[in-house]
>>> print(open('work.txt').read())   # compact mmCIF, C-alpha atoms
# COMPACT_ATOMS: atom_id res chain seq x y z
CA MET D 40 0.00 0.00 0.00
CA LYS D 41 1.25 3.45 -0.94
CA LYS D 42 0.35 6.78 0.57
CA LYS D 43 -0.43 9.55 -1.86
CA GLU D 44 -1.06 13.22 -1.24
CA LEU D 45 -3.39 14.99 -3.60
CA ILE D 46 -3.65 18.77 -3.79
CA VAL D 47 -7.24 19.53 -4.73
CA LEU D 48 -7.86 23.27 -4.11
CA GLN D 49 -11.53 23.01 -4.99
CA ASP D 50 -14.17 25.49 -3.92
CA LEU D 51 -16.76 23.37 -2.09
CA LEU D 52 -19.55 25.72 -3.05
CA GLY D 53 -18.26 25.52 -6.63
CA THR D 54 -20.92 23.18 -8.03
CA ASN D 55 -23.68 25.48 -6.87
CA LYS D 56 -21.84 28.54 -8.24
CA LYS D 57 -21.49 26.86 -11.65
CA ILE D 58 -25.19 26.01 -11.88
CA ALA D 59 -26.04 29.52 -10.70
CA ALA D 60 -23.82 31.08 -13.37
CA THR D 61 -25.56 29.04 -16.09
CA ILE D 62 -29.01 30.09 -14.85
CA ARG D 63 -27.92 33.75 -14.58
CA GLY D 64 -26.62 33.67 -18.15
CA GLU D 65 -29.69 31.98 -19.63
CA LEU D 66 -32.12 34.33 -17.90
CA GLY D 67 -29.99 37.33 -18.88
CA GLU D 68 -30.04 36.34 -22.57
CA ARG D 69 -33.83 36.21 -22.43
CA GLY D 70 -33.99 39.63 -20.77
CA ILE D 71 -35.34 38.21 -17.53
CA LEU D 72 -34.10 39.94 -14.38
CA ALA D 73 -33.91 37.49 -11.46
CA VAL D 74 -34.10 38.85 -7.91
CA ASN D 75 -33.33 36.80 -4.79
CA PHE D 76 -35.13 37.93 -1.61
CA MET D 77 -33.48 36.87 1.66
CA SER D 78 -34.47 37.58 5.26
CA SER D 79 -35.35 35.99 8.56
CA PRO D 80 -38.78 34.36 8.79
CA GLY D 81 -41.54 36.91 9.16
CA ALA D 82 -39.61 39.95 7.90
CA GLY D 83 -42.30 40.48 5.27
CA LYS D 84 -40.88 39.00 2.05
CA THR D 85 -44.20 37.68 0.79
CA SER D 86 -46.15 40.80 1.72
CA LEU D 87 -43.63 43.01 -0.06
CA LEU D 88 -43.72 40.72 -3.10
CA GLU D 89 -47.52 40.97 -3.14
CA ARG D 90 -47.31 44.78 -3.24
CA ILE D 91 -44.61 44.70 -5.93
CA ALA D 92 -46.52 42.15 -8.02
CA GLU D 93 -49.83 44.05 -7.78
CA ARG D 94 -48.23 47.20 -9.16
CA LEU D 95 -45.73 45.71 -11.58
CA GLN D 96 -47.98 43.20 -13.31
CA ALA D 97 -49.92 45.96 -15.12
CA THR D 98 -46.87 46.77 -17.24
CA ALA D 99 -44.59 43.73 -17.01
CA LYS D 100 -44.79 39.95 -17.03
CA ILE D 101 -43.58 38.46 -13.79
CA ALA D 102 -43.29 35.10 -12.09
CA VAL D 103 -42.42 34.11 -8.54
CA ILE D 104 -40.61 31.11 -7.08
CA GLU D 105 -41.30 30.56 -3.40
CA GLY D 106 -38.98 28.63 -1.10
CA ASP D 107 -40.19 27.18 2.17
CA ILE D 108 -39.52 24.16 4.30
CA GLU D 109 -43.17 23.09 4.11
CA THR D 110 -46.55 24.18 2.64
CA GLU D 111 -47.79 25.93 -0.54
CA ARG D 112 -49.03 28.92 1.44
CA ASP D 113 -46.77 31.60 -0.02
CA ALA D 114 -47.28 30.48 -3.63
CA GLU D 115 -51.05 30.50 -3.05
CA ARG D 116 -50.88 34.11 -1.83
CA ILE D 117 -49.02 35.19 -4.96
CA ARG D 118 -51.37 33.24 -7.27
CA ALA D 119 -54.32 34.92 -5.57
CA ILE D 120 -53.24 38.24 -7.09
CA GLY D 121 -53.00 36.71 -10.55
CA VAL D 122 -49.25 36.09 -10.78
CA PRO D 123 -47.90 32.62 -11.65
CA ALA D 124 -45.99 31.16 -8.72
CA TRP D 125 -44.08 27.96 -8.06
CA GLN D 126 -43.49 26.60 -4.60
CA ILE D 127 -40.30 24.75 -3.74
CA THR D 128 -40.63 22.88 -0.46
CA THR D 129 -37.19 21.92 0.75
CA GLY D 130 -38.46 19.40 3.31
CA GLY D 131 -36.11 20.65 6.00
CA ALA D 132 -33.25 22.34 4.15
CA CYS D 133 -32.72 25.87 5.41
CA HIS D 134 -31.94 27.53 2.07
CA LEU D 135 -32.58 27.26 -1.66
CA GLU D 136 -29.83 26.02 -3.97
CA ALA D 137 -29.29 26.79 -7.65
CA LYS D 138 -30.17 23.26 -8.76
CA MET D 139 -33.63 23.61 -7.16
CA ILE D 140 -34.23 26.72 -9.26
CA GLY D 141 -32.91 24.87 -12.32
CA LYS D 142 -35.58 22.19 -11.87
CA VAL D 143 -38.42 24.71 -11.74
CA LEU D 144 -37.27 26.97 -14.60
CA PRO D 145 -38.44 24.77 -17.52
CA SER D 146 -42.04 25.23 -16.37
CA VAL D 147 -41.72 29.03 -16.04
CA ASP D 148 -42.93 31.08 -19.05
CA ALA D 149 -39.85 32.03 -21.08
CA GLY D 150 -41.39 35.38 -22.02
CA ILE D 151 -41.47 36.94 -18.54
CA ASP D 152 -39.60 40.15 -17.67
CA PHE D 153 -38.96 39.59 -13.96
CA LEU D 154 -38.42 36.47 -11.88
CA PHE D 155 -38.65 36.96 -8.13
CA ILE D 156 -37.29 34.23 -5.90
CA GLU D 157 -38.28 34.25 -2.25
CA ASN D 158 -35.71 32.29 -0.28
CA VAL D 159 -36.40 30.19 2.81
CA GLY D 160 -36.72 32.49 5.83
CA ASN D 161 -33.21 32.46 7.33
CA LEU D 162 -30.65 35.24 7.59
CA VAL D 163 -27.65 32.89 7.61
CA CYS D 164 -27.47 29.99 5.14
CA PRO D 165 -29.13 31.47 2.03
CA ALA D 166 -26.29 34.00 1.83
CA SER D 167 -23.85 31.22 0.88
CA TYR D 168 -25.88 30.04 -2.12
CA GLU D 169 -26.17 31.97 -5.37
CA LEU D 170 -29.34 31.02 -7.21
CA GLY D 171 -28.55 32.61 -10.57
CA GLU D 172 -29.98 35.96 -9.50
CA HIS D 173 -28.89 39.30 -10.96
CA LEU D 174 -29.88 41.17 -7.82
CA ARG D 175 -29.83 40.02 -4.25
CA CYS D 176 -32.05 41.82 -1.75
CA VAL D 177 -31.83 41.38 1.98
CA LEU D 178 -34.88 42.46 3.98
CA LEU D 179 -34.76 43.62 7.57
CA SER D 180 -37.99 44.39 9.42
CA THR D 181 -38.16 46.99 12.16
CA PRO D 182 -39.39 44.56 14.89
CA GLU D 183 -36.25 42.44 14.39
CA GLY D 184 -34.09 45.20 15.83
CA ASP D 185 -31.48 47.59 14.49
CA ASP D 186 -28.48 45.51 15.57
CA LYS D 187 -28.76 42.84 12.89
CA PRO D 188 -26.33 43.78 10.08
CA LYS D 189 -23.16 43.13 12.09
CA LYS D 190 -24.66 40.01 13.67
CA TYR D 191 -25.44 38.45 10.29
CA PRO D 192 -22.78 40.08 8.11
CA LYS D 193 -22.77 37.75 5.13
CA ALA D 194 -26.40 38.45 4.21
CA PHE D 195 -25.46 42.13 4.03
CA THR D 196 -22.02 41.91 2.43
CA THR D 197 -23.30 39.74 -0.45
CA SER D 198 -26.45 41.76 -1.19
CA ASP D 199 -27.05 44.52 -3.71
CA CYS D 200 -29.86 46.15 -1.80
CA LEU D 201 -31.21 46.35 1.71
CA VAL D 202 -34.95 46.73 2.10
CA LEU D 203 -36.12 47.93 5.51
CA THR D 204 -39.68 46.67 5.98
CA LYS D 205 -42.58 47.40 8.34
CA VAL D 206 -41.47 51.00 8.87
CA ASP D 207 -45.12 51.87 9.62
CA LEU D 208 -44.36 50.34 13.03
CA LEU D 209 -41.52 52.80 13.77
CA PRO D 210 -43.57 54.90 16.24
CA TYR D 211 -43.85 51.85 18.49
CA LEU D 212 -40.33 50.48 18.27
CA PRO D 213 -36.85 51.49 19.40
CA PHE D 214 -35.46 51.05 15.89
CA ASP D 215 -32.90 53.58 14.67
CA ILE D 216 -33.03 53.70 10.86
CA GLU D 217 -29.92 55.88 10.54
CA LYS D 218 -27.93 53.50 12.74
CA VAL D 219 -28.90 50.54 10.57
CA LYS D 220 -28.08 52.39 7.37
CA LYS D 221 -24.66 53.39 8.72
CA GLU D 222 -23.86 49.90 9.96
CA ALA D 223 -25.01 48.21 6.76
CA LEU D 224 -23.09 50.65 4.56
CA GLY D 225 -20.03 50.09 6.74
CA LEU D 226 -20.23 46.41 5.91
CA ASN D 227 -21.06 46.97 2.26
CA PRO D 228 -20.76 50.49 0.82
CA ARG D 229 -22.41 49.38 -2.45
CA LEU D 230 -25.77 48.58 -0.80
CA LYS D 231 -28.79 50.48 -2.13
CA ILE D 232 -31.17 51.04 0.77
CA PHE D 233 -34.97 51.23 0.55
CA VAL D 234 -37.36 52.15 3.33
CA THR D 235 -40.69 50.42 2.86
CA SER D 236 -44.02 49.42 4.31
CA ALA D 237 -46.22 46.78 2.72
CA VAL D 238 -49.15 48.19 4.69
CA THR D 239 -48.95 51.80 3.50
CA GLY D 240 -47.15 51.05 0.23
CA LEU D 241 -44.26 53.38 1.15
CA GLY D 242 -41.13 52.82 -0.94
CA VAL D 243 -42.65 50.12 -3.16
CA ASP D 244 -42.54 52.28 -6.31
CA ASP D 245 -38.90 53.21 -5.63
CA LEU D 246 -38.03 49.54 -5.39
CA ILE D 247 -39.90 48.77 -8.61
CA GLY D 248 -38.00 51.61 -10.29
CA TYR D 249 -34.73 50.08 -9.11
CA PHE D 250 -35.70 46.67 -10.53
CA ARG D 251 -36.74 48.26 -13.83
CA SER D 252 -33.44 50.06 -14.31
CA ALA D 253 -31.52 46.92 -13.33
CA ARG D 254 -33.46 45.02 -16.02
CA GLN D 255 -32.70 47.73 -18.57
CA GLU D 256 -28.99 47.49 -17.75
CA LEU D 257 -29.19 43.71 -18.06
CA LYS D 258 -30.81 43.98 -21.49
CA ASP D 259 -28.20 46.52 -22.60
CA ARG D 260 -25.43 44.17 -21.50
CA HIS D 261 -26.93 41.30 -23.50
CA ALA D 262 -27.87 43.42 -26.53
CA MET F 178 -27.28 24.82 9.29
CA HIS F 179 -26.27 24.16 5.70
CA GLU F 180 -23.07 22.36 6.70
CA LEU F 181 -24.64 18.95 6.02
CA SER F 182 -25.39 19.78 2.40
CA ILE F 183 -21.82 21.10 2.01
CA ILE F 184 -20.47 17.85 3.44
CA ALA F 185 -22.71 15.84 1.08
CA GLY F 186 -21.12 17.75 -1.81
CA LEU F 187 -17.65 17.16 -0.34
CA PHE F 188 -18.25 13.41 -0.25
CA ASP F 189 -19.27 13.42 -3.93
CA THR F 190 -15.88 14.96 -4.68
CA LEU F 191 -14.05 12.52 -2.38
CA GLN F 192 -15.69 9.48 -4.04
CA GLU F 193 -14.74 10.82 -7.46
CA LYS F 194 -11.10 11.46 -6.48
CA ALA F 195 -10.85 8.01 -4.89
CA ARG F 196 -12.18 6.39 -8.07
CA THR F 197 -9.87 8.34 -10.37
CA HIS F 198 -6.81 7.46 -8.29
CA LYS F 199 -7.96 3.91 -7.56
CA ALA F 200 -7.60 4.56 -3.84
CA ARG F 201 -8.45 1.98 -1.23
CA GLU F 202 -9.25 4.64 1.36
CA ILE F 203 -8.94 8.32 2.14
CA THR F 204 -6.98 9.02 5.31
CA LEU F 205 -6.91 12.80 5.50
CA VAL F 206 -9.21 15.59 4.34
CA ARG F 207 -7.99 19.15 4.76
CA LEU F 208 -10.31 22.14 4.41
CA ILE F 209 -9.64 25.86 4.46
CA VAL F 210 -12.57 27.76 5.95
CA GLY F 211 -12.71 31.52 5.54
CA LYS F 212 -14.06 33.61 8.41
CA LEU F 213 -16.57 35.12 5.99
CA SER F 214 -17.49 31.83 4.31
CA GLY F 215 -20.70 31.52 6.31
CA VAL F 216 -19.65 28.08 7.49
CA VAL F 217 -19.09 27.02 11.09
CA PRO F 218 -16.09 24.67 11.55
CA ASP F 219 -17.62 22.81 14.54
CA LEU F 220 -20.76 22.06 12.55
CA LEU F 221 -18.66 20.93 9.58
CA GLU F 222 -16.90 18.46 11.88
CA SER F 223 -20.16 17.05 13.24
CA ALA F 224 -21.59 16.74 9.75
CA PHE F 225 -18.37 15.06 8.52
CA ASP F 226 -18.47 12.51 11.36
CA ALA F 227 -22.12 11.74 10.73
CA TYR F 228 -21.62 11.37 7.00
CA LYS F 229 -18.37 9.39 6.77
CA LYS F 230 -19.64 6.05 8.08
CA GLY F 231 -19.62 3.38 5.42
CA THR F 232 -17.80 5.61 2.92
CA ILE F 233 -14.29 5.57 1.47
CA ALA F 234 -13.36 8.21 4.08
CA GLU F 235 -14.73 6.33 7.09
CA ASN F 236 -11.37 6.48 8.89
CA ALA F 237 -10.25 9.83 7.55
CA ARG F 238 -9.02 12.62 9.78
CA LEU F 239 -10.59 16.01 9.11
CA GLU F 240 -8.31 19.01 9.40
CA ILE F 241 -9.76 22.49 9.24
CA GLU F 242 -7.67 25.62 8.86
CA GLU F 243 -9.54 28.81 9.59
CA VAL F 244 -8.28 31.82 7.68
CA PRO F 245 -9.04 35.44 8.55
CA LEU F 246 -10.51 38.00 6.23
CA LYS F 247 -7.83 39.73 4.17
CA THR F 248 -8.55 42.67 1.95
CA ARG F 249 -6.69 44.89 -0.52
CA CYS F 250 -7.64 48.52 -0.98
CA ARG F 251 -8.24 49.46 -4.61
CA ALA F 252 -7.48 53.11 -3.78
CA CYS F 253 -4.19 52.93 -1.83
CA GLY F 254 -3.16 49.29 -2.30
CA ALA F 255 -2.90 48.50 1.42
CA GLU F 256 -3.37 44.84 2.25
CA VAL F 257 -5.01 44.40 5.63
CA ARG F 258 -5.96 41.44 7.76
CA LYS F 259 -9.30 42.17 9.35
CA GLU F 260 -10.81 40.85 12.54
CA ASP F 261 -14.06 42.66 11.88
CA PHE F 262 -16.24 42.55 8.81
CA ASP F 263 -16.17 46.28 8.08
CA ILE F 264 -15.27 46.81 4.46
CA ILE F 265 -13.37 50.04 5.01
CA CYS F 266 -9.64 50.54 4.43
CA ALA F 267 -7.83 51.07 7.72
CA ALA F 268 -5.03 52.96 5.94
CA CYS F 269 -6.91 55.50 3.81
CA GLY F 270 -10.60 55.12 4.70
CA SER F 271 -11.63 54.09 1.18
CA LYS F 272 -14.63 51.77 0.87
CA ASP F 273 -13.42 50.17 -2.33
CA LEU F 274 -11.90 46.97 -1.01
CA GLU F 275 -11.28 43.68 -2.70
CA ILE F 276 -11.51 40.50 -0.64
CA LEU F 277 -8.27 38.54 -1.07
CA GLN F 278 -9.00 35.73 1.33
CA GLY F 279 -11.52 34.63 3.89
CA ALA F 280 -14.71 34.32 1.85
CA ASP F 281 -14.20 30.79 0.57
CA LEU F 282 -14.56 27.21 1.64
CA ILE F 283 -11.85 25.19 -0.05
CA LEU F 284 -10.95 21.53 -0.15
CA GLU F 285 -7.19 22.01 -0.01
CA ARG F 286 -5.81 18.49 -0.11
CA ILE F 287 -6.45 14.86 0.71
CA GLU F 288 -4.30 11.85 1.47
CA LEU F 289 -5.11 8.49 -0.06
CA ASN F 290 -3.98 4.93 0.42
CA ILE F 291 -3.41 3.36 -2.95
CA ASP F 292 -2.72 -0.28 -3.80
CA GLU F 293 0.74 -0.51 -5.25
CA PRO F 294 0.96 -2.30 -8.57
CA GLU F 295 3.00 -5.53 -8.45
CA SER F 296 6.55 -4.46 -9.11
CA PRO F 297 7.99 -6.25 -12.13
CA ILE F 298 10.68 -8.80 -11.25
CA SER F 299 13.96 -7.61 -12.56
CA SER F 300 16.79 -9.96 -13.12
>>> encode(input="work.txt", output="structure tokens")
Amino acid sequence: MKKKELIVLQDLLGTNKKIAATIRGELGERGILAVNFMSSPGAGKTSLLERIAERLQATAKIAVIEGDIETERDAERIRAIGVPAWQITTGGACHLEAKMIGKVLPSVDAGIDFLFIENVGNLVCPASYELGEHLRCVLLSTPEGDDKPKKYPKAFTTSDCLVLTKVDLLPYLPFDIEKVKKEALGLNPRLKIFVTSAVTGLGVDDLIGYFRSARQELKDRHA
Amino acid sequence: MHELSIIAGLFDTLQEKARTHKAREITLVRLIVGKLSGVVPDLLESAFDAYKKGTIAENARLEIEEVPLKTRCRACGAEVRKEDFDIICAACGSKDLEILQGADLILERIELNIDEPESPISS
């Protein structure tokens, strides 16, 4: 018997990154902007998506992929407002992976303009998995507290935008918006920050505008 | 807790390497875990121990090297080792930093036991 040493130097998240890159490229060629929504459970991802979908579907074709451990509940909410939605139930896994998105994509209409992916509610693990998105949005709701960016840095350092949700509750909470903005920008100076409420509709149009210009840039890149 | 799915992926790679090199067993697996990789070394170890039974790496030792976050400033060129996650240059205050190290999870090397071919009898 002989001992052999083998230098491998392989990125263990590499398989997922490769699948994600293929998905990103294919969607980009078709002019579809993919957005990955990440947050802790209950931060308001589905409610925000409902508001976005209600307003955006008048002028654009959209589809939604929902990730949860169990149930079709979120997909049903999106379908109820007339937007096609697919539910991925991970059966215990705490995040979506690119290959799960790859399995759903063949059944999604190839002529859509926007694909929104709502990740499993979790501020930790989803950050390590690219799904083929062009934009990554991390949501932070005011009841969660203003100390979260530094506690869960990867979700913030890997995102393109930070969406503060439930700001209609600010009068009742000790949540310092400026402190959060400063801390988040300290971690990631490239973050675009949006202040929103799914109840009052505050900030939803700004966010839609941001997605629209990102899609235009994507189309220009692939033109 | 996504360490188990990472370890499942690692074992796919280990099986493939063992097949390619016709190894009888894998005796060492060495990983480099970046501080900003989003992976917890202790959880990786537990997942590895749970997963290895009955595989080619059943008796393998797992070594994990944790590496800190290291950045280079695109404005002034300073290379800094960071304990914190702030992406701000300590030398010039610029926010335009490039991550050199500390964001990855890498399978660095493995050690295998390989059956030696019968040596030809020389006269």
>>> atom_distance(input="work.txt", atom1="atom CA of Leu274 of chain F", atom2="atom CA of Lys220 of chain D")
19.0 Å
>>> residues_around(input="work.txt", residues="Glu240 of chain F", least_positions_apart="4", cutoff="7 Å", atoms="all atoms listed in the file", output="ChimeraX atom specification")
/F:206-208
>>> residues_around(input="work.txt", residues="segment 105-115 of chain D", least_positions_apart="4", cutoff="10 Å", atoms="all atoms listed in the file", output="MDAnalysis selection string")
chainID D and resid 76 80 84:86 89 119:136 139:140 155:160
>>> write_last_selection(input="work.txt", atoms="C-alpha atoms", output="short mmCIF file (atom, residue, chain, number, x, y, z; two decimals), in the coordinates of the input")
data_model
loop_
_atom_site.label_atom_id
_atom_site.label_comp_id
_atom_site.auth_asym_id
_atom_site.auth_seq_id
_atom_site.Cartn_x
_atom_site.Cartn_y
_atom_site.Cartn_z
CA PHE D 76 -35.13 37.93 -1.61
CA PRO D 80 -38.78 34.36 8.79
CA LYS D 84 -40.88 39.00 2.05
CA THR D 85 -44.20 37.68 0.79
CA SER D 86 -46.15 40.80 1.72
CA GLU D 89 -47.52 40.97 -3.14
CA ALA D 119 -54.32 34.92 -5.57
CA ILE D 120 -53.24 38.24 -7.09
CA GLY D 121 -53.00 36.71 -10.55
CA VAL D 122 -49.25 36.09 -10.78
CA PRO D 123 -47.90 32.62 -11.65
CA ALA D 124 -45.99 31.16 -8.72
CA TRP D 125 -44.08 27.96 -8.06
CA GLN D 126 -43.49 26.60 -4.60
CA ILE D 127 -40.30 24.75 -3.74
CA THR D 128 -40.63 22.88 -0.46
CA THR D 129 -37.19 21.92 0.75
CA GLY D 130 -38.46 19.40 3.31
CA GLY D 131 -36.11 20.65 6.00
CA ALA D 132 -33.25 22.34 4.15
CA CYS D 133 -32.72 25.87 5.41
CA HIS D 134 -31.94 27.53 2.07
CA LEU D 135 -32.58 27.26 -1.66
CA GLU D 136 -29.83 26.02 -3.97
CA MET D 139 -33.63 23.61 -7.16
CA ILE D 140 -34.23 26.72 -9.26
CA PHE D 155 -38.65 36.96 -8.13
CA ILE D 156 -37.29 34.23 -5.90
CA GLU D 157 -38.28 34.25 -2.25
CA ASN D 158 -35.71 32.29 -0.28
CA VAL D 159 -36.40 30.19 2.81
CA GLY D 160 -36.72 32.49 5.83
#
>>> closest_atom_pairs(input="work.txt", of="chain D", to="chain F", cutoff="6 Å", atoms="only C-alpha atoms", output="tab-separated table")
residue	atom	partner	partner_atom	distance
D:Met40	CA	F:Asp292	CA	4.7
D:Lys41	CA	F:Ile291	CA	5.1
D:Lys42	CA	F:Asn290	CA	4.7
D:Lys43	CA	F:Leu289	CA	5.1
D:Glu44	CA	F:Glu288	CA	4.4
D:Leu45	CA	F:Ile287	CA	5.3
D:Ile46	CA	F:Arg286	CA	4.3
D:Val47	CA	F:Arg286	CA	4.9
D:Leu48	CA	F:Glu285	CA	4.3
D:Gln49	CA	F:Leu284	CA	5.1
D:Asp50	CA	F:Ile283	CA	4.5
D:Leu51	CA	F:Ile283	CA	5.6
D:Cys164	CA	F:His179	CA	6.0
D:Gly225	CA	F:Asp263	CA	5.6
D:Leu226	CA	F:Asp263	CA	4.6
>>> residues_around(input="work.txt", residues="Val163 of chain D", least_positions_apart="6", cutoff="8 Å", atoms="only C-alpha atoms", output="PyMOL selection string")
(chain D and resi 191+193-194) or (chain F and resi 215)
>>> residues_around(input="work.txt", residues="Ser236 of chain D", least_positions_apart="4", cutoff="8 Å", atoms="all atoms listed in the file", output="PyMOL selection string")
chain D and resi 87+204-207+240-243
>>> atom_distance(input="work.txt", atom1="atom CA of Ile151 of chain D", atom2="atom CA of Ile101 of chain D")
5.4 Å
>>> atom_distance(input="work.txt", atom1="atom CA of Ala92 of chain D", atom2="atom CA of Leu154 of chain D")
10.6 Å
>>> axis_aligned_box(input="work.txt", around="segment 228-232 of chain F", padding_each_side="3 Å", output="AutoDock Vina command-line options")
--center_x -19.7 --center_y 7.4 --center_z 5.5 --size_x 9.8 --size_y 14.0 --size_z 11.2
>>> closest_residue(input="work.txt", among="D:Leu66, D:Val234, D:Ile216, D:Val147", to="Cys200 of chain D", atoms="only C-alpha atoms")
D:Val234
>>> residues_near_point(input="work.txt", point="(-20.6, 30.7, -3.6)", cutoff="7 Å", atoms="all atoms listed in the file", output="NGL selection string")
:D and (52-53 or 55-56 or 167-169)
>>> closest_residue(input="work.txt", among="F:Leu246, F:Ala252, F:Leu239, F:Ile276", to="Ala224 of chain F", atoms="only C-alpha atoms")
F:Leu239
>>> residues_near_point(input="work.txt", point="(-4.9, 55.2, 6.6)", cutoff="12 Å", atoms="all atoms listed in the file", output="list in words")
Cys250, Ala252, Cys253, Gly254, Ala255, Glu256, Val257, Ile265, Cys266, Ala267, Ala268, Cys269, Gly270, Ser271 and Lys272 of chain F
>>> build_atoms(input="work.txt", residues="segment 213-230 of chain D", atoms="N, CA and C atoms", output="PDB file, keeping the file's coordinate frame")
ATOM      1  N   PRO D 213     -38.131  50.800  19.273  1.00  0.00           N
ATOM      2  CA  PRO D 213     -36.850  51.490  19.400  1.00  0.00           C
ATOM      3  C   PRO D 213     -35.909  51.091  18.272  1.00  0.00           C
ATOM      4  N   PHE D 214     -36.247  51.464  17.061  1.00  0.00           N
ATOM      5  CA  PHE D 214     -35.460  51.050  15.890  1.00  0.00           C
ATOM      6  C   PHE D 214     -34.905  52.305  15.248  1.00  0.00           C
ATOM      7  N   ASP D 215     -33.571  52.380  15.183  1.00  0.00           N
ATOM      8  CA  ASP D 215     -32.900  53.580  14.670  1.00  0.00           C
ATOM      9  C   ASP D 215     -32.498  53.346  13.210  1.00  0.00           C
ATOM     10  N   ILE D 216     -33.283  53.909  12.291  1.00  0.00           N
ATOM     11  CA  ILE D 216     -33.030  53.700  10.860  1.00  0.00           C
ATOM     12  C   ILE D 216     -31.634  54.171  10.449  1.00  0.00           C
ATOM     13  N   GLU D 217     -31.222  55.339  10.952  1.00  0.00           N
ATOM     14  CA  GLU D 217     -29.920  55.880  10.540  1.00  0.00           C
ATOM     15  C   GLU D 217     -28.782  54.982  11.018  1.00  0.00           C
ATOM     16  N   LYS D 218     -28.954  54.409  12.202  1.00  0.00           N
ATOM     17  CA  LYS D 218     -27.930  53.500  12.740  1.00  0.00           C
ATOM     18  C   LYS D 218     -27.793  52.259  11.845  1.00  0.00           C
ATOM     19  N   VAL D 219     -28.926  51.717  11.438  1.00  0.00           N
ATOM     20  CA  VAL D 219     -28.900  50.540  10.570  1.00  0.00           C
ATOM     21  C   VAL D 219     -28.247  50.857   9.235  1.00  0.00           C
ATOM     22  N   LYS D 220     -28.644  51.994   8.671  1.00  0.00           N
ATOM     23  CA  LYS D 220     -28.080  52.390   7.370  1.00  0.00           C
ATOM     24  C   LYS D 220     -26.568  52.493   7.462  1.00  0.00           C
ATOM     25  N   LYS D 221     -26.097  53.161   8.544  1.00  0.00           N
ATOM     26  CA  LYS D 221     -24.660  53.390   8.720  1.00  0.00           C
ATOM     27  C   LYS D 221     -23.930  52.054   8.887  1.00  0.00           C
ATOM     28  N   GLU D 222     -24.503  51.189   9.715  1.00  0.00           N
ATOM     29  CA  GLU D 222     -23.860  49.900   9.960  1.00  0.00           C
ATOM     30  C   GLU D 222     -23.828  49.043   8.695  1.00  0.00           C
ATOM     31  N   ALA D 223     -24.936  49.029   7.977  1.00  0.00           N
ATOM     32  CA  ALA D 223     -25.010  48.210   6.760  1.00  0.00           C
ATOM     33  C   ALA D 223     -24.063  48.740   5.693  1.00  0.00           C
ATOM     34  N   LEU D 224     -23.994  50.073   5.558  1.00  0.00           N
ATOM     35  CA  LEU D 224     -23.090  50.650   4.560  1.00  0.00           C
ATOM     36  C   LEU D 224     -21.634  50.464   4.956  1.00  0.00           C
ATOM     37  N   GLY D 225     -21.386  50.378   6.266  1.00  0.00           N
ATOM     38  CA  GLY D 225     -20.030  50.090   6.740  1.00  0.00           C
ATOM     39  C   GLY D 225     -19.598  48.700   6.324  1.00  0.00           C
ATOM     40  N   LEU D 226     -20.540  47.769   6.337  1.00  0.00           N
ATOM     41  CA  LEU D 226     -20.230  46.410   5.910  1.00  0.00           C
ATOM     42  C   LEU D 226     -20.110  46.331   4.391  1.00  0.00           C
ATOM     43  N   ASN D 227     -20.996  47.068   3.717  1.00  0.00           N
ATOM     44  CA  ASN D 227     -21.060  46.970   2.260  1.00  0.00           C
ATOM     45  C   ASN D 227     -21.471  48.319   1.674  1.00  0.00           C
ATOM     46  N   PRO D 228     -20.476  49.139   1.296  1.00  0.00           N
ATOM     47  CA  PRO D 228     -20.760  50.490   0.820  1.00  0.00           C
ATOM     48  C   PRO D 228     -21.579  50.518  -0.475  1.00  0.00           C
ATOM     49  N   ARG D 229     -21.679  49.390  -1.177  1.00  0.00           N
ATOM     50  CA  ARG D 229     -22.410  49.380  -2.450  1.00  0.00           C
ATOM     51  C   ARG D 229     -23.915  49.136  -2.274  1.00  0.00           C
ATOM     52  N   LEU D 230     -24.348  48.870  -1.043  1.00  0.00           N
ATOM     53  CA  LEU D 230     -25.770  48.580  -0.800  1.00  0.00           C
ATOM     54  C   LEU D 230     -26.663  49.763  -1.177  1.00  0.00           C
TER      55      LEU D 230
END
